[in-house]
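Notes to accompany the following structure.
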Amino acid sequence: MTYFVFLLLVALIVGLIAVASNPTPYFAALGLVVAAGVGCGVLVGCGGSFLSLVLFLIYLGGMLVVFAYSAALAAEPFPEAWGSRSVAGYVSVYFAGVALMAGLLWGGWYEGSWVTIDGLKEFSMLRGDVGGVAMMYSFGGAMLVICAWVLLLTLLVVLELTRGLSRGTLRAV
Amino acid sequence: MNPYVLTVLLSSLGLGTTLTFASSHWLLAWMGLEINTLAIVPLMAQHHHPRAVEATTKYFLTQATAAAMILFASTTNAWITGEWDMNNMSNPIASTMIITALALKIGLAPMHFWMPEVLQGLDLLTGLILSTWQKLAPLALIVQTAQAIDPMLLTALGLTSTLVGGWGGLNQTQLRKILAYSSIAHMGWMLIVLQYAPQLTLLALLTYIFMTSAAFLTLKVSSATKVNTLAVVWSKSPVLTATTALVLLSLGGLPPLTGFMPKWLILQELAKQSLPLTATVMALAALLSLYFYLRLCYAMTLTISPNTTAATTPWRAQTTQASLPLALFTTMALGLLPVSPAIVMLVT
């Protein structure tokens, strides 16, 4: 289990490097997909399986897909993937940084055991994440309303910023 | 802008600050700050020209970085100490990161570089909201976490901000950049006394809001954005010519105007805490700021009749701009020094 979560974390770091090294946006969206996917795996390893499913479905399956399509609309004739010179420079620097920090912070065989932690393991019928969702809808009522308002606000902000198509605020100059 | 959208944005600005004021949990405080950032972004970009969009982008990136740092610091604090409460931060790493993030949010030196460029790209009313309302929520968080933060860092931030605000504003010809450096300097004054008397921080904030609102509104009514324009504003509104000079001197901290109150009380508090060197450096840095305020006074007021005037008198129709806020803030920026004891009671 520990080794499996270790693999997922390595994939997470690789995904982060893939995003941070400045390739063309839809390649970076691919890096985001990988990072989000393995992040959901790590979340399962921490005991939040329901949360992980929700994250996969809504974030990866909804928002990231929409973002990837929008980024693909901004396609350019000579896209730069991770092999092209400028991006490969960033990738090598980040890998070197990761290798350096791993070398400095590497523990012995007794460290790094990742066990599934689950609050109230033997004493509760409810899992932590599902119970948390229920609490959010009951005790967290006012904050839920505020979150809904903020979602509406974000929609209006984006609509206001993109109003005018090619004559508006965000246009190709 | 569509009035419904404007209503949603302005009420969200109010919601964000209120949420941060009312919260003791870091997550909720972060939520309030993010709501403020989100809500002001379309207001900043409403005039869809590239300069405004550039300012909006810079503002969004810096504020998002600061908010991410706040989230990082609060989760680090929660991981190490198990405490999400704002008033009990005991971890030095987390508290240093928090103050750095909040300093980036309000534009304290050395994290001030975004402020002049962002203010320059905005129209005067949005710049006013940025300089006054957007400072309230982060300052509330700073005041609440002050005891946990390294005192040397707070003093360094305060001193650097006042000096940078003074020196940076000296070579400027654009009024919005001058007001940006003025904001940086005043934030420095607010931070320097934070660890000794937080009431004086609130007092300095209150008086700063009055004075800078008067300044921004005057410039809006006169449609002046450069120092050169100030030279011909006298003919547009002679009354403003007289009051603006006094408002600028109030910003500079001269008695018997309101701006003297915070500086006097802060210097007194620093002297009581046996910090004469800090107090002297602050006073000298205020002198730097005073120079560019005086330059603006000279350009606007000290070049009028009977000197050779730079403009002819225009037709003066009745103004359609709202004059009550300007009158209100000007009065408060000029006349509050005699009621200092009452104001101090207000913030104690």
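If you're wondering about the labels, chains in the structure tokens are A, B, ... by order shown, residues count from 1 in each chain, ligands from 1 in order shown.
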Report task. Determine which residues of region 13-152 of chain A DSSP labels as alpha helix (DSSP H) from the backbone of this structure, then write them out as a VMD selection string. Result -> chain A and resid 13 to 20 25 to 45 49 to 54 65 to 73 85 to 105 128 to 138 141 to 152
Output as a Markdown table one row per residue of chain A within 12 Å of chain B: the closest atom pair and its distance in Å to one decimal place, counting only C-alpha atoms, sorted by chain and residue number ascending.
| residue | atom | partner | partner_atom | distance |
| --- | --- | --- | --- | --- |
| A:Gly140 | CA | B:Leu28 | CA | 11.7 |
| A:Ala142 | CA | B:Leu19 | CA | 11.3 |
| A:Met143 | CA | B:Leu28 | CA | 8.8 |
| A:Leu144 | CA | B:Leu28 | CA | 11.8 |
| A:Ile146 | CA | B:Leu15 | CA | 8.8 |
| A:Cys147 | CA | B:Met31 | CA | 9.0 |
| A:Ala148 | CA | B:Ile35 | CA | 11.9 |
| A:Trp149 | CA | B:Ser12 | CA | 8.5 |
| A:Val150 | CA | B:Ile35 | CA | 6.9 |
| A:Leu151 | CA | B:Ile35 | CA | 10.0 |
| A:Leu152 | CA | B:Val8 | CA | 9.0 |
| A:Leu153 | CA | B:Val8 | CA | 7.0 |
| A:Thr154 | CA | B:Leu38 | CA | 6.9 |
| A:Leu155 | CA | B:Leu38 | CA | 10.3 |
| A:Leu156 | CA | B:Val5 | CA | 6.9 |
| A:Val157 | CA | B:Pro42 | CA | 5.8 |
| A:Val158 | CA | B:Pro42 | CA | 8.1 |
| A:Leu159 | CA | B:Pro42 | CA | 9.2 |
| A:Glu160 | CA | B:Pro42 | CA | 6.3 |
| A:Leu161 | CA | B:Pro42 | CA | 6.0 |
| A:Thr162 | CA | B:Pro42 | CA | 9.7 |
| A:Arg163 | CA | B:His48 | CA | 9.6 |
| A:Gly164 | CA | B:His48 | CA | 9.4 |
| A:Leu165 | CA | B:His48 | CA | 11.5 |
| A:Ser166 | CA | B:His48 | CA | 11.2 |
| A:Arg167 | CA | B:His48 | CA | 8.6 |
| A:Gly168 | CA | B:His48 | CA | 6.1 |
| A:Thr169 | CA | B:His48 | CA | 4.5 |
| A:Leu170 | CA | B:Val53 | CA | 7.7 |
| A:Arg171 | CA | B:Pro50 | CA | 9.3 |
| A:Ala172 | CA | B:Pro50 | CA | 10.5 |
| A:Val173 | CA | B:Pro50 | CA | 8.6 |
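The shell of residues at most 7 Å from region 63-79 of chain B, with only C-alpha atoms counted and near chain neighbours (fewer than 2 positions) removed, consists of Trp26, Trp30, Thr37, Tyr59, Phe60, Leu61, Thr81, Gly82, Glu83, Trp84, Asn91, Ala94, Met97, Ile98, Ala101, Leu102, Leu104 and Lys105 of chain B.
Going from CA of Val143 (chain B) to CA of Gly259 (chain B) covers 21.1 Å.
You will find CA of Ala214 (chain B) at 12.7 Å from CA of Gly127 (chain B).
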Query raised in the report: Of the candidates A:Gly39, A:Pro77, A:Gly62, A:Gly141, which shows the shortest atom-to-atom distance to Val10 (chain A), using only C-alpha atoms?
Result: A:Gly39
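Residue neighbourhood of Pro23 (chain A), excluding near-sequence residues (fewer than 4 positions): Ile17, Ala18, Val19, Phe27, Ala28, Ala29, Leu30, Gly31, Leu32, Glu76, Phe78, Pro79, Glu80, Ala81, Trp82, Gly83, Ser84, Arg85, Ser86, Val87, Ala88, Gly89, Tyr90 and Val91 of chain A, at 12 Å, using only C-alpha atoms.
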**Report entry** Distance query Ser52 (chain A) at most 12 Å, only C-alpha atoms, self and fewer than 5 positions along chain excluded, as a list in words
**Finding:** Ala36, Gly37, Val38, Gly39, Cys40, Gly41, Val42, Leu43, Val44, Gly45, Cys46, Gly47, Leu57, Ile58, Tyr59, Leu60, Asp129 and Val130 of chain A
Report task. Might you pull out every residue within 9 Å of region 182-195 of chain B, with only C-alpha atoms counted and same-chain residues fewer than 2 positions away left off, and present them as an NGL selection string? Result -> :B and (106-109 or 112 or 115 or 131 or 142-143 or 146-147 or 149 or 151 or 154-166 or 169 or 177-180 or 197-205 or 208 or 212 or 251-252 or 262-263 or 266-267 or 269-270 or 278 or 282 or 285-286 or 289)
Requested in this report: Go through B:Thr308, B:Ala148, B:Phe292, B:Leu136 one by one, measure the shortest atom-to-atom distance of each to Pro92 (chain B) using only C-alpha atoms, and give the residue with the smallest value.
Outcome: B:Ala148
Report summary line: Students should find that CA of Thr348 (chain B) and CA of Ile209 (chain B) are spaced 17.9 Å
Query raised in the report: Restricting the calculation to only C-alpha atoms, which member of B:Leu153, B:Ala242, B:Leu230, B:Thr207 is positioned closest to Gln174 (chain B)?
Result: B:Leu230
